[in-house]
$ cat start20.tsv   # TSV, C-alpha atoms
chain	number	residue	atom	x	y	z
A	19	MET	CA	24.22	-7.04	-4.90
A	20	SER	CA	24.48	-7.78	-1.21
A	21	ASP	CA	26.06	-10.93	0.12
A	22	ASP	CA	23.95	-12.54	2.80
A	23	ALA	CA	26.94	-13.80	4.69
A	24	ALA	CA	28.47	-10.34	4.82
A	25	SER	CA	25.25	-8.48	5.55
A	26	PRO	CA	24.57	-7.35	9.10
A	27	ARG	CA	21.86	-9.16	11.03
A	28	LEU	CA	18.94	-7.26	12.51
A	29	ALA	CA	19.33	-6.82	16.27
A	30	ARG	CA	16.67	-8.43	18.45
A	31	PRO	CA	15.35	-5.12	19.84
A	32	LEU	CA	14.91	-3.85	16.29
A	33	LEU	CA	13.15	-7.07	15.25
A	34	ALA	CA	10.81	-6.66	18.22
A	35	GLN	CA	10.06	-3.09	17.13
A	36	LEU	CA	9.32	-4.27	13.60
A	37	GLY	CA	7.00	-6.95	14.95
A	38	LEU	CA	5.09	-4.40	17.03
A	39	ILE	CA	4.83	-1.98	14.12
A	40	THR	CA	3.59	-4.75	11.82
A	41	LEU	CA	0.80	-5.69	14.26
A	42	VAL	CA	-0.25	-2.06	14.61
A	43	ARG	CA	-0.14	-1.57	10.85
A	44	LEU	CA	-2.46	-4.56	10.49
A	45	CYS	CA	-5.10	-2.38	12.18
A	46	VAL	CA	-4.27	0.61	9.95
A	47	ASN	CA	-4.59	-1.46	6.77
A	48	THR	CA	-7.81	-3.14	7.90
A	49	SER	CA	-9.42	0.21	8.60
A	50	ARG	CA	-8.65	1.15	5.00
A	51	ARG	CA	-9.97	-2.09	3.45
A	52	PHE	CA	-12.86	-3.43	5.53
A	53	ALA	CA	-15.54	-1.18	4.04
A	54	TYR	CA	-15.17	-2.73	0.57
A	55	PRO	CA	-16.65	-6.18	1.21
A	56	PHE	CA	-19.16	-4.90	3.78
A	57	ALA	CA	-20.44	-1.83	1.91
A	58	ALA	CA	-23.97	-3.27	1.67
A	59	VAL	CA	-23.99	-4.13	5.39
A	60	LEU	CA	-22.91	-0.60	6.31
A	61	GLY	CA	-25.55	0.84	4.01
A	62	ARG	CA	-28.31	-1.20	5.66
A	63	GLY	CA	-27.07	-0.24	9.11
A	64	LEU	CA	-27.11	3.46	8.27
A	65	GLY	CA	-30.28	3.23	6.22
A	66	VAL	CA	-28.69	4.70	3.10
A	67	PRO	CA	-28.39	3.33	-0.46
A	68	LEU	CA	-25.23	1.57	-1.62
A	69	PRO	CA	-23.95	4.54	-3.71
A	70	ALA	CA	-23.84	6.60	-0.53
A	71	ILE	CA	-21.42	4.07	1.00
A	72	THR	CA	-19.27	3.73	-2.11
A	73	SER	CA	-18.94	7.53	-2.07
A	74	LEU	CA	-17.45	7.24	1.41
A	75	ILE	CA	-15.01	4.61	0.15
A	76	ALA	CA	-13.98	6.95	-2.66
A	77	ALA	CA	-13.37	9.74	-0.13
A	78	ASN	CA	-11.24	7.29	1.85
A	79	GLN	CA	-9.11	6.62	-1.25
A	80	ILE	CA	-8.77	10.29	-2.20
A	81	THR	CA	-6.85	10.88	1.03
A	82	GLY	CA	-3.91	9.20	-0.71
A	83	LEU	CA	-3.43	12.40	-2.71
A	84	LEU	CA	-2.84	14.32	0.54
A	85	GLY	CA	0.35	12.40	1.29
A	86	PRO	CA	2.70	15.09	-0.10
A	87	LEU	CA	1.42	17.49	2.56
A	88	PHE	CA	2.51	15.22	5.40
A	89	GLY	CA	5.79	13.77	4.11
A	90	PRO	CA	7.78	16.92	4.87
A	91	LEU	CA	6.14	17.12	8.31
A	92	SER	CA	7.47	13.65	9.10
A	93	ASP	CA	10.96	14.64	7.99
A	94	ARG	CA	10.67	17.77	10.15
A	95	TRP	CA	8.94	16.51	13.31
A	96	GLY	CA	10.19	12.93	13.43
A	97	TYR	CA	8.92	9.61	12.12
A	98	ARG	CA	7.87	8.14	15.48
A	99	THR	CA	5.88	11.28	16.23
A	100	MET	CA	3.96	11.15	12.96
A	101	MET	CA	3.21	7.44	13.34
A	102	LEU	CA	1.60	8.27	16.68
A	103	VAL	CA	-0.34	11.15	15.08
A	104	GLY	CA	-1.68	8.77	12.43
A	105	LEU	CA	-2.78	6.25	15.07
A	106	GLY	CA	-4.46	9.02	17.04
A	107	LEU	CA	-6.52	10.03	14.02
A	108	LEU	CA	-7.44	6.40	13.34
A	109	ALA	CA	-8.47	5.66	16.93
A	110	GLY	CA	-10.50	8.88	17.25
A	111	GLY	CA	-12.31	8.37	13.95
A	112	MET	CA	-13.15	4.70	14.48
A	113	LEU	CA	-14.38	5.16	18.05
A	114	ALA	CA	-16.50	8.13	16.99
A	115	GLY	CA	-18.04	6.01	14.23
A	116	GLY	CA	-18.95	3.31	16.72
A	117	LEU	CA	-20.35	5.69	19.33
A	118	TRP	CA	-22.34	7.93	16.98
A	119	PRO	CA	-23.69	5.78	14.11
A	120	TRP	CA	-24.68	8.62	11.81
A	121	TYR	CA	-23.78	8.96	8.16
A	122	GLY	CA	-21.72	12.12	8.63
A	123	VAL	CA	-19.73	10.61	11.50
A	124	ILE	CA	-19.06	7.41	9.54
A	125	ALA	CA	-17.92	9.57	6.62
A	126	LEU	CA	-15.49	11.34	8.95
A	127	ALA	CA	-14.33	8.00	10.43
A	128	LEU	CA	-13.46	6.51	7.04
A	129	PHE	CA	-11.82	9.75	5.91
A	130	LEU	CA	-9.64	9.81	9.04
A	131	ALA	CA	-8.81	6.12	8.53
A	132	GLY	CA	-7.53	6.92	5.05
A	133	LEU	CA	-5.64	9.95	6.34
A	134	ALA	CA	-4.10	7.86	9.11
A	135	LYS	CA	-2.63	5.45	6.55
A	136	VAL	CA	-1.33	8.32	4.43
A	137	ILE	CA	0.50	9.69	7.48
A	138	PHE	CA	1.51	6.39	9.08
A	139	ASP	CA	2.98	4.50	6.12
A	140	PRO	CA	5.61	6.97	4.86
A	141	ALA	CA	6.64	7.72	8.46
A	142	LEU	CA	6.96	3.99	9.20
A	143	GLN	CA	8.99	3.32	6.06
A	144	ALA	CA	11.24	6.31	6.69
A	145	TYR	CA	11.67	5.14	10.29
A	146	ILE	CA	12.92	1.80	8.97
A	147	GLY	CA	15.15	3.55	6.45
A	148	GLU	CA	16.77	5.53	9.25
A	149	ARG	CA	17.42	2.52	11.50
A	150	VAL	CA	17.88	-0.57	9.34
A	151	PRO	CA	21.12	-1.09	7.36
A	152	TYR	CA	20.55	-0.83	3.61
A	153	ALA	CA	21.69	-4.43	3.15
A	154	ARG	CA	18.67	-5.55	5.22
A	155	ARG	CA	16.16	-2.94	4.08
A	156	GLY	CA	14.23	-5.33	1.82
A	157	LEU	CA	13.85	-7.83	4.68
A	158	ALA	CA	12.58	-5.18	7.10
A	159	ILE	CA	10.11	-3.61	4.67
A	160	GLY	CA	8.96	-7.05	3.50
A	161	LEU	CA	8.19	-8.09	7.07
A	162	THR	CA	6.07	-5.02	7.77
A	163	GLU	CA	4.23	-5.46	4.46
A	164	PHE	CA	2.80	-8.78	5.69
A	165	SER	CA	0.22	-6.58	7.36
A	166	TRP	CA	-1.27	-5.70	3.94
A	167	ALA	CA	-2.10	-9.25	2.88
A	168	GLY	CA	-2.89	-10.21	6.47
A	169	SER	CA	-5.62	-7.59	6.67
A	170	THR	CA	-7.46	-9.29	3.79
A	171	LEU	CA	-6.75	-12.92	4.62
A	172	ILE	CA	-7.15	-12.79	8.40
A	173	VAL	CA	-8.73	-9.67	9.89
A	174	VAL	CA	-11.46	-8.88	7.36
A	175	PRO	CA	-13.00	-12.38	7.68
A	176	LEU	CA	-12.91	-11.97	11.48
A	177	ILE	CA	-14.67	-8.64	11.13
A	178	GLY	CA	-17.39	-10.40	9.16
A	179	LEU	CA	-17.95	-12.77	12.08
A	180	LEU	CA	-18.03	-9.87	14.53
A	181	MET	CA	-20.56	-7.96	12.45
A	182	GLU	CA	-22.79	-11.02	12.19
A	183	ARG	CA	-22.80	-11.46	15.96
A	184	TRP	CA	-22.49	-7.93	17.35
A	185	GLY	CA	-23.81	-5.72	14.55
A	186	TRP	CA	-22.34	-3.44	11.91
A	187	ARG	CA	-20.80	-1.04	14.46
A	188	ALA	CA	-18.52	-3.74	15.91
A	189	PRO	CA	-15.51	-3.12	13.60
A	190	PHE	CA	-15.45	0.57	14.52
A	191	PHE	CA	-15.09	-0.26	18.21
A	192	LEU	CA	-12.56	-3.02	17.49
A	193	LEU	CA	-10.32	-0.96	15.21
A	194	GLY	CA	-10.63	2.13	17.40
A	195	GLY	CA	-9.66	0.18	20.51
A	196	VAL	CA	-6.74	-1.57	18.81
A	197	GLY	CA	-5.56	1.73	17.33
A	198	LEU	CA	-5.62	3.43	20.72
A	199	SER	CA	-3.84	0.49	22.37
A	200	GLY	CA	-1.24	0.49	19.61
A	201	LEU	CA	-0.62	4.19	20.08
A	202	LEU	CA	0.02	3.76	23.81
A	203	VAL	CA	2.25	0.70	23.38
A	204	MET	CA	4.29	2.28	20.58
A	205	ARG	CA	4.73	5.47	22.58
A	206	TRP	CA	6.03	3.38	25.46
A	207	LEU	CA	8.22	0.89	23.61
A	208	LEU	CA	9.61	2.73	20.57
A	209	PRO	CA	12.69	4.77	21.48
A	210	SER	CA	12.31	8.51	21.24
A	211	GLU	CA	14.05	10.17	18.32
A	212	PRO	CA	16.82	12.68	18.95
A	213	ARG	CA	15.58	16.25	18.87
A	214	ARG	CA	16.27	17.89	15.53
A	215	THR	CA	18.36	21.03	15.58
A	216	ALA	CA	16.98	24.30	14.27
A	217	ALA	CA	19.09	23.91	11.13
A	218	GLU	CA	17.74	20.41	10.55
A	219	ARG	CA	14.16	21.63	10.97
A	220	ARG	CA	14.75	24.44	8.51
A	221	GLY	CA	16.27	21.97	6.05
A	222	ALA	CA	13.18	19.77	6.31
A	223	GLY	CA	10.69	22.48	5.39
A	224	PHE	CA	8.17	22.04	2.59
A	225	ARG	CA	10.11	24.10	0.07
A	226	GLU	CA	13.45	22.49	0.84
A	227	ALA	CA	12.07	18.96	0.82
A	228	TRP	CA	10.29	19.35	-2.50
A	229	GLN	CA	13.23	21.15	-4.07
A	230	THR	CA	15.42	18.19	-3.09
A	231	LEU	CA	13.04	15.81	-4.88
A	232	ARG	CA	12.68	18.06	-7.90
A	233	ASP	CA	16.44	18.21	-8.36
A	234	SER	CA	16.85	14.42	-8.13
A	235	ARG	CA	16.56	12.49	-11.40
A	236	ALA	CA	16.24	9.27	-9.41
A	237	ALA	CA	13.33	10.67	-7.38
A	238	LEU	CA	11.48	11.89	-10.48
A	239	GLY	CA	11.99	8.54	-12.19
A	240	ALA	CA	10.64	6.75	-9.11
A	241	VAL	CA	7.53	8.95	-8.98
A	242	LEU	CA	6.79	8.29	-12.67
A	243	PHE	CA	7.38	4.59	-12.11
A	244	ALA	CA	4.91	4.50	-9.22
A	245	PHE	CA	2.25	6.31	-11.27
A	246	LEU	CA	2.59	4.12	-14.36
A	247	VAL	CA	2.76	0.68	-12.70
A	248	ALA	CA	-0.15	1.48	-10.38
A	249	MET	CA	-2.23	2.67	-13.33
A	250	ALA	CA	-1.40	-0.54	-15.20
A	251	ASN	CA	-2.39	-2.71	-12.26
A	252	ASP	CA	-5.77	-1.04	-11.78
A	253	LEU	CA	-6.58	-1.41	-15.48
A	254	LEU	CA	-6.81	-5.12	-14.70
A	255	PHE	CA	-7.94	-4.95	-11.08
A	256	VAL	CA	-11.23	-3.21	-11.86
A	257	VAL	CA	-12.24	-5.68	-14.58
A	258	TYR	CA	-10.91	-9.05	-13.45
A	259	GLY	CA	-14.21	-9.77	-11.64
A	260	PRO	CA	-16.44	-9.09	-14.65
A	261	TRP	CA	-13.96	-10.98	-16.86
A	262	LEU	CA	-14.08	-14.10	-14.65
A	263	GLU	CA	-17.85	-13.88	-14.32
A	264	GLN	CA	-18.40	-13.51	-18.05
A	265	SER	CA	-15.82	-16.06	-19.16
A	266	PHE	CA	-16.50	-18.81	-16.64
A	267	ALA	CA	-20.05	-18.05	-15.36
A	268	LEU	CA	-18.86	-17.76	-11.76
A	269	SER	CA	-21.36	-17.16	-8.99
A	270	THR	CA	-21.05	-14.28	-6.55
A	271	VAL	CA	-19.69	-16.65	-3.90
A	272	ALA	CA	-17.12	-18.04	-6.33
A	273	LEU	CA	-16.05	-14.53	-7.30
A	274	GLY	CA	-15.56	-13.69	-3.67
A	275	ALA	CA	-13.49	-16.83	-3.21
A	276	SER	CA	-11.33	-15.85	-6.17
A	277	THR	CA	-10.10	-12.81	-4.24
A	278	THR	CA	-8.32	-15.26	-1.95
A	279	VAL	CA	-5.97	-15.95	-4.87
A	280	ILE	CA	-4.95	-12.29	-4.87
A	281	GLY	CA	-4.55	-12.20	-1.10
A	282	VAL	CA	-2.32	-15.28	-1.13
A	283	ALA	CA	-0.33	-13.86	-4.06
A	284	GLU	CA	0.27	-10.64	-2.10
A	285	LEU	CA	1.38	-12.66	0.91
A	286	VAL	CA	3.81	-14.75	-1.17
A	287	GLY	CA	5.10	-11.59	-2.88
A	288	GLU	CA	5.83	-9.96	0.46
A	289	GLY	CA	7.56	-13.08	1.72
A	290	THR	CA	9.61	-13.31	-1.47
A	291	THR	CA	10.71	-9.72	-1.03
A	292	ALA	CA	11.79	-10.37	2.55
A	293	ALA	CA	13.72	-13.46	1.48
A	294	LEU	CA	15.29	-12.45	-1.84
A	295	ALA	CA	15.27	-8.69	-2.48
A	296	ASP	CA	18.41	-7.93	-0.45
A	297	ARG	CA	20.27	-10.87	-2.01
A	298	LEU	CA	19.38	-9.76	-5.53
A	299	GLY	CA	19.95	-6.07	-4.85
A	300	LEU	CA	16.98	-3.73	-4.56
A	301	LYS	CA	17.37	-2.04	-7.95
A	302	ARG	CA	17.66	-5.41	-9.69
A	303	ALA	CA	14.64	-6.71	-7.74
A	304	VAL	CA	12.47	-3.74	-8.76
A	305	VAL	CA	13.46	-3.81	-12.43
A	306	GLY	CA	13.19	-7.60	-12.66
A	307	GLY	CA	9.84	-7.59	-10.87
A	308	GLY	CA	8.55	-4.86	-13.19
A	309	LEU	CA	9.53	-6.78	-16.30
A	310	LEU	CA	7.94	-9.96	-14.92
A	311	VAL	CA	4.72	-8.04	-14.27
A	312	ALA	CA	4.72	-6.67	-17.81
A	313	PHE	CA	5.18	-10.12	-19.38
A	314	SER	CA	2.50	-11.53	-17.06
A	315	TYR	CA	-0.01	-8.97	-18.33
A	316	LEU	CA	0.80	-10.03	-21.89
A	317	GLY	CA	0.49	-13.70	-21.03
A	318	LEU	CA	-2.87	-13.54	-19.25
A	319	PRO	CA	-4.99	-13.44	-22.44
A	320	LEU	CA	-3.03	-16.45	-23.74
A	321	VAL	CA	-3.69	-18.64	-20.70
A	322	GLY	CA	-7.06	-17.27	-19.69
A	323	HIS	CA	-9.13	-19.88	-21.53
A	324	THR	CA	-9.59	-22.19	-18.55
A	325	LEU	CA	-10.47	-21.14	-15.00
A	326	LEU	CA	-7.46	-22.83	-13.39
A	327	LEU	CA	-4.98	-21.16	-15.76
A	328	ALA	CA	-6.78	-17.82	-15.47
A	329	LEU	CA	-6.48	-17.91	-11.67
A	330	GLY	CA	-2.86	-19.00	-12.03
A	331	GLY	CA	-2.20	-16.02	-14.31
A	332	LEU	CA	-3.78	-13.62	-11.83
A	333	PHE	CA	-1.73	-15.19	-9.04
A	334	LEU	CA	1.51	-14.60	-10.94
A	335	ILE	CA	0.58	-11.00	-11.80
A	336	PHE	CA	-0.23	-10.00	-8.23
A	337	LEU	CA	2.73	-11.91	-6.78
A	338	ALA	CA	5.14	-10.15	-9.15
A	339	PHE	CA	3.44	-6.80	-8.61
A	340	GLU	CA	3.68	-7.09	-4.82
A	341	PHE	CA	7.33	-8.17	-5.02
A	342	MET	CA	8.07	-5.22	-7.30
A	343	MET	CA	6.27	-2.65	-5.14
A	344	VAL	CA	7.63	-3.80	-1.78
A	345	SER	CA	11.15	-3.86	-3.24
A	346	MET	CA	10.48	-0.38	-4.61
A	347	ILE	CA	9.47	0.93	-1.20
A	348	SER	CA	12.70	-0.48	0.19
A	349	LEU	CA	14.66	1.29	-2.54
A	350	LEU	CA	12.80	4.56	-1.95
A	351	THR	CA	13.98	4.68	1.65
A	352	GLU	CA	17.50	5.41	0.40
A	353	LEU	CA	16.98	7.51	-2.76
A	354	VAL	CA	16.77	10.82	-0.88
A	355	PRO	CA	18.10	10.15	2.63
A	356	GLY	CA	17.54	13.74	3.75
A	357	ALA	CA	13.84	13.66	2.85
A	358	ARG	CA	12.84	10.02	3.20
A	359	ALA	CA	9.22	10.55	4.19
A	360	THR	CA	8.72	13.20	1.50
A	361	MET	CA	10.07	10.81	-1.14
A	362	LEU	CA	7.84	7.96	0.05
A	363	ALA	CA	4.76	10.18	0.34
A	364	ALA	CA	5.29	11.54	-3.18
A	365	ALA	CA	5.60	8.04	-4.66
A	366	LEU	CA	2.55	6.76	-2.77
A	367	ALA	CA	0.51	9.78	-3.91
A	368	ALA	CA	1.63	9.19	-7.50
A	369	ALA	CA	0.58	5.55	-7.18
A	370	GLY	CA	-2.79	6.64	-5.81
A	371	LEU	CA	-3.31	8.98	-8.74
A	372	GLY	CA	-2.29	6.20	-11.10
A	373	ARG	CA	-4.90	3.90	-9.56
A	374	VAL	CA	-7.58	6.55	-10.04
A	375	CYS	CA	-6.63	6.89	-13.72
A	376	GLY	CA	-6.47	3.13	-14.18
A	377	SER	CA	-9.87	2.67	-12.54
A	378	LEU	CA	-11.48	5.27	-14.80
A	379	LEU	CA	-9.92	3.86	-17.98
A	380	GLY	CA	-10.12	0.15	-17.17
A	381	GLY	CA	-13.85	-0.38	-17.72
A	382	PRO	CA	-14.17	1.41	-21.08
A	383	LEU	CA	-10.92	-0.19	-22.33
A	384	TRP	CA	-12.13	-3.71	-21.47
A	385	LEU	CA	-15.53	-3.13	-23.08
A	386	ALA	CA	-13.86	-1.81	-26.23
A	387	GLY	CA	-11.00	-4.29	-26.64
A	388	GLY	CA	-11.45	-7.07	-24.11
A	389	LEU	CA	-8.65	-8.67	-22.14
A	390	TRP	CA	-6.14	-8.30	-24.99
A	391	ALA	CA	-6.43	-4.51	-24.95
A	392	THR	CA	-6.17	-4.46	-21.17
A	393	GLY	CA	-3.13	-6.72	-21.15
A	394	LEU	CA	-1.30	-4.85	-23.91
A	395	LEU	CA	-1.78	-1.41	-22.37
A	396	ALA	CA	-0.94	-2.65	-18.87
A	397	ALA	CA	2.26	-4.26	-20.17
A	398	ALA	CA	3.23	-1.11	-22.09
A	399	LEU	CA	2.67	1.14	-19.06
A	400	SER	CA	4.66	-1.20	-16.80
A	401	GLY	CA	7.55	-1.35	-19.25
A	402	LEU	CA	7.54	2.45	-19.58
A	403	GLY	CA	7.56	2.75	-15.80
A	404	VAL	CA	10.59	0.47	-15.50
A	405	GLY	CA	12.34	2.55	-18.17
A	406	CYS	CA	11.65	5.79	-16.27
A	407	LEU	CA	13.03	4.34	-13.05
A	408	ALA	CA	16.13	2.80	-14.62
A	409	GLY	CA	16.81	5.98	-16.61
A	410	GLY	CA	16.45	8.18	-13.55
A	411	LEU	CA	18.80	6.02	-11.50
A	412	ARG	CA	21.36	5.90	-14.31
A	413	LYS	CA	21.34	9.66	-14.94
A	414	SER	CA	21.64	10.39	-11.24
A	415	GLY	CA	24.59	8.01	-10.99
A	416	ARG	CA	22.89	5.92	-8.27
$ encode --input "start20.tsv" --output "structure tokens"
Amino acid sequence: MSDDAASPRLARPLLAQLGLITLVRLCVNTSRRFAYPFAAVLGRGLGVPLPAITSLIAANQITGLLGPLFGPLSDRWGYRTMMLVGLGLLAGGMLAGGLWPWYGVIALALFLAGLAKVIFDPALQAYIGERVPYARRGLAIGLTEFSWAGSTLIVVPLIGLLMERWGWRAPFFLLGGVGLSGLLVMRWLLPSEPRRTAAERRGAGFREAWQTLRDSRAALGAVLFAFLVAMANDLLFVVYGPWLEQSFALSTVALGASTTVIGVAELVGEGTTAALADRLGLKRAVVGGGLLVAFSYLGLPLVGHTLLLALGGLFLIFLAFEFMMVSMISLLTELVPGARATMLAAALAAAGLGRVCGSLLGGPLWLAGGLWATGLLAAALSGLGVGCLAGGLRKSGR
């Protein structure tokens, strides 16, 4: 456990860099999320049915599985370089979508937006891991993660206003312009990384990076943890809307408003990570957060008889889940210091695969067993994930 009084403070230039990166990442996250609430608007603008737009969203999500291809490249070429590459893909895709409003171009734009996040996030987190002392890693990661909740609570509503006034193409121009501006500003303000020697580049090849992960019990435990807890969360995430609608006869507008609860919970979870994770110790924060999530899944069917308690239960679940995951990202930055981006990309890809599995299983499970079945399986998967992580760390001696 770190002692706050003895922990080094973050230097002002580094805080300024983190602030800049967080603002830029707000654009990256928004480009990944804005199509969800406005799928029908995009479909009308393109003149295609809704399933055609949801197919594009699915393609955007599938890019998460490509992360393991780019993690070793970040370790080899440099984290700043790969962040700029990700922003270049985002800016090019979004601007193309605005300039040429055709279905194929929009498909490419959303695919590149997903790919940009897959490249940008592990590089960003590894960049922090390389520059921020471990005793302040939870604070730094927690600050940059505000951009995830902020994209839902702040930017997506603004995009709705823009689309109402300027048309459905407006967000593509906005996000493309901000992405391009962010690229130029980051290239100017972020210090260049020292050139890697030939030996360092050879050591950061695909084979070497993945062999390092394969030989690490801690890394394998972390990957299993990411897969299992993400699967558990999506078991609930894909059915909480139908559950609220069926149980409390909520209107479409009320269902939309209920998502604010999740956004606020994510924001509080990120703030809690920034404030407490380093004081608790990152391993303790991850394990404690995972156990709290598991018990919250079990408790939701018990309290979900009134709307207020149901929303309170959802708030606790997503707060604990966000605290657990942001603390986990902070921990991942130090598990394999020689292959930070590869480690982060592998865990994020495992989480993406877990979400796919949870999404596919969540609907049939809820129809067959209701909220009790969902809560029990989600709790079991979360507990198993915590066990895999703790076991991997213990066997590796970390």
$ atom_distance --input "start20.tsv" --atom1 "CA of Ala369 (chain A)" --atom2 "CA of Ala248 (chain A)"
5.2 Å
$ residues_near_point --input "start20.tsv" --point "(16.5, 11.1, -7.2)" --cutoff "9 Å" --atoms "only C-alpha atoms" --output "list of chain:residue names"
A:Thr230, A:Leu231, A:Arg232, A:Asp233, A:Ser234, A:Arg235, A:Ala236, A:Ala237, A:Leu238, A:Gly239, A:Ala240, A:Leu353, A:Val354, A:Met361, A:Gly410, A:Leu411, A:Ser414, A:Arg416
$ closest_atom_pairs --input "start20.tsv" --of "region 225-282 of chain A" --to "region 386-406 of chain A" --cutoff "12 Å" --atoms "all atoms listed in the file" --output "JSON lines"
{"residue": "A:Arg235", "atom": "CA", "partner": "A:Cys406", "partner_atom": "CA", "distance": 9.6}
{"residue": "A:Ala236", "atom": "CA", "partner": "A:Cys406", "partner_atom": "CA", "distance": 9.0}
{"residue": "A:Ala237", "atom": "CA", "partner": "A:Cys406", "partner_atom": "CA", "distance": 10.3}
{"residue": "A:Leu238", "atom": "CA", "partner": "A:Cys406", "partner_atom": "CA", "distance": 8.4}
{"residue": "A:Gly239", "atom": "CA", "partner": "A:Cys406", "partner_atom": "CA", "distance": 4.9}
{"residue": "A:Ala240", "atom": "CA", "partner": "A:Cys406", "partner_atom": "CA", "distance": 7.3}
{"residue": "A:Val241", "atom": "CA", "partner": "A:Cys406", "partner_atom": "CA", "distance": 9.0}
{"residue": "A:Leu242", "atom": "CA", "partner": "A:Gly403", "partner_atom": "CA", "distance": 6.4}
{"residue": "A:Phe243", "atom": "CA", "partner": "A:Gly403", "partner_atom": "CA", "distance": 4.1}
{"residue": "A:Ala244", "atom": "CA", "partner": "A:Gly403", "partner_atom": "CA", "distance": 7.3}
{"residue": "A:Phe245", "atom": "CA", "partner": "A:Gly403", "partner_atom": "CA", "distance": 7.8}
{"residue": "A:Leu246", "atom": "CA", "partner": "A:Gly403", "partner_atom": "CA", "distance": 5.4}
{"residue": "A:Val247", "atom": "CA", "partner": "A:Ser400", "partner_atom": "CA", "distance": 4.9}
{"residue": "A:Ala248", "atom": "CA", "partner": "A:Ser400", "partner_atom": "CA", "distance": 8.5}
{"residue": "A:Met249", "atom": "CA", "partner": "A:Leu399", "partner_atom": "CA", "distance": 7.7}
{"residue": "A:Ala250", "atom": "CA", "partner": "A:Ala396", "partner_atom": "CA", "distance": 4.3}
{"residue": "A:Asn251", "atom": "CA", "partner": "A:Ala396", "partner_atom": "CA", "distance": 6.8}
{"residue": "A:Asp252", "atom": "CA", "partner": "A:Ala396", "partner_atom": "CA", "distance": 8.7}
{"residue": "A:Leu253", "atom": "CA", "partner": "A:Thr392", "partner_atom": "CA", "distance": 6.5}
{"residue": "A:Leu254", "atom": "CA", "partner": "A:Thr392", "partner_atom": "CA", "distance": 6.5}
{"residue": "A:Phe255", "atom": "CA", "partner": "A:Thr392", "partner_atom": "CA", "distance": 10.3}
{"residue": "A:Val256", "atom": "CA", "partner": "A:Thr392", "partner_atom": "CA", "distance": 10.7}
{"residue": "A:Val257", "atom": "CA", "partner": "A:Leu389", "partner_atom": "CA", "distance": 8.9}
{"residue": "A:Tyr258", "atom": "CA", "partner": "A:Leu389", "partner_atom": "CA", "distance": 9.0}
{"residue": "A:Gly259", "atom": "CA", "partner": "A:Leu389", "partner_atom": "CA", "distance": 11.9}
{"residue": "A:Pro260", "atom": "CA", "partner": "A:Leu389", "partner_atom": "CA", "distance": 10.8}
{"residue": "A:Trp261", "atom": "CA", "partner": "A:Leu389", "partner_atom": "CA", "distance": 7.8}
{"residue": "A:Leu262", "atom": "CA", "partner": "A:Leu389", "partner_atom": "CA", "distance": 10.7}
{"residue": "A:Gln264", "atom": "CA", "partner": "A:Gly388", "partner_atom": "CA", "distance": 11.2}
{"residue": "A:Ser265", "atom": "CA", "partner": "A:Leu389", "partner_atom": "CA", "distance": 10.7}
$ write_last_selection --input "start20.tsv" --atoms "C-alpha atoms" --output "PDB file, in the coordinates of the input"
ATOM      1  CA  ARG A 235      16.560  12.490 -11.400  1.00  0.00           C
ATOM      2  CA  ALA A 236      16.240   9.270  -9.410  1.00  0.00           C
ATOM      3  CA  ALA A 237      13.330  10.670  -7.380  1.00  0.00           C
ATOM      4  CA  LEU A 238      11.480  11.890 -10.480  1.00  0.00           C
ATOM      5  CA  GLY A 239      11.990   8.540 -12.190  1.00  0.00           C
ATOM      6  CA  ALA A 240      10.640   6.750  -9.110  1.00  0.00           C
ATOM      7  CA  VAL A 241       7.530   8.950  -8.980  1.00  0.00           C
ATOM      8  CA  LEU A 242       6.790   8.290 -12.670  1.00  0.00           C
ATOM      9  CA  PHE A 243       7.380   4.590 -12.110  1.00  0.00           C
ATOM     10  CA  ALA A 244       4.910   4.500  -9.220  1.00  0.00           C
ATOM     11  CA  PHE A 245       2.250   6.310 -11.270  1.00  0.00           C
ATOM     12  CA  LEU A 246       2.590   4.120 -14.360  1.00  0.00           C
ATOM     13  CA  VAL A 247       2.760   0.680 -12.700  1.00  0.00           C
ATOM     14  CA  ALA A 248      -0.150   1.480 -10.380  1.00  0.00           C
ATOM     15  CA  MET A 249      -2.230   2.670 -13.330  1.00  0.00           C
ATOM     16  CA  ALA A 250      -1.400  -0.540 -15.200  1.00  0.00           C
ATOM     17  CA  ASN A 251      -2.390  -2.710 -12.260  1.00  0.00           C
ATOM     18  CA  ASP A 252      -5.770  -1.040 -11.780  1.00  0.00           C
ATOM     19  CA  LEU A 253      -6.580  -1.410 -15.480  1.00  0.00           C
ATOM     20  CA  LEU A 254      -6.810  -5.120 -14.700  1.00  0.00           C
ATOM     21  CA  PHE A 255      -7.940  -4.950 -11.080  1.00  0.00           C
ATOM     22  CA  VAL A 256     -11.230  -3.210 -11.860  1.00  0.00           C
ATOM     23  CA  VAL A 257     -12.240  -5.680 -14.580  1.00  0.00           C
ATOM     24  CA  TYR A 258     -10.910  -9.050 -13.450  1.00  0.00           C
ATOM     25  CA  GLY A 259     -14.210  -9.770 -11.640  1.00  0.00           C
ATOM     26  CA  PRO A 260     -16.440  -9.090 -14.650  1.00  0.00           C
ATOM     27  CA  TRP A 261     -13.960 -10.980 -16.860  1.00  0.00           C
ATOM     28  CA  LEU A 262     -14.080 -14.100 -14.650  1.00  0.00           C
ATOM     29  CA  GLN A 264     -18.400 -13.510 -18.050  1.00  0.00           C
ATOM     30  CA  SER A 265     -15.820 -16.060 -19.160  1.00  0.00           C
TER      31      SER A 265
END
$ atom_distance --input "start20.tsv" --atom1 "CA of Ala141 (chain A)" --atom2 "CA of Asp93 (chain A)"
8.2 Å
$ residues_near_point --input "start20.tsv" --point "(-15.3, -20.6, -13.0)" --cutoff "6 Å" --atoms "all atoms listed in the file" --output "PyMOL selection string"
chain A and resi 266-268+325
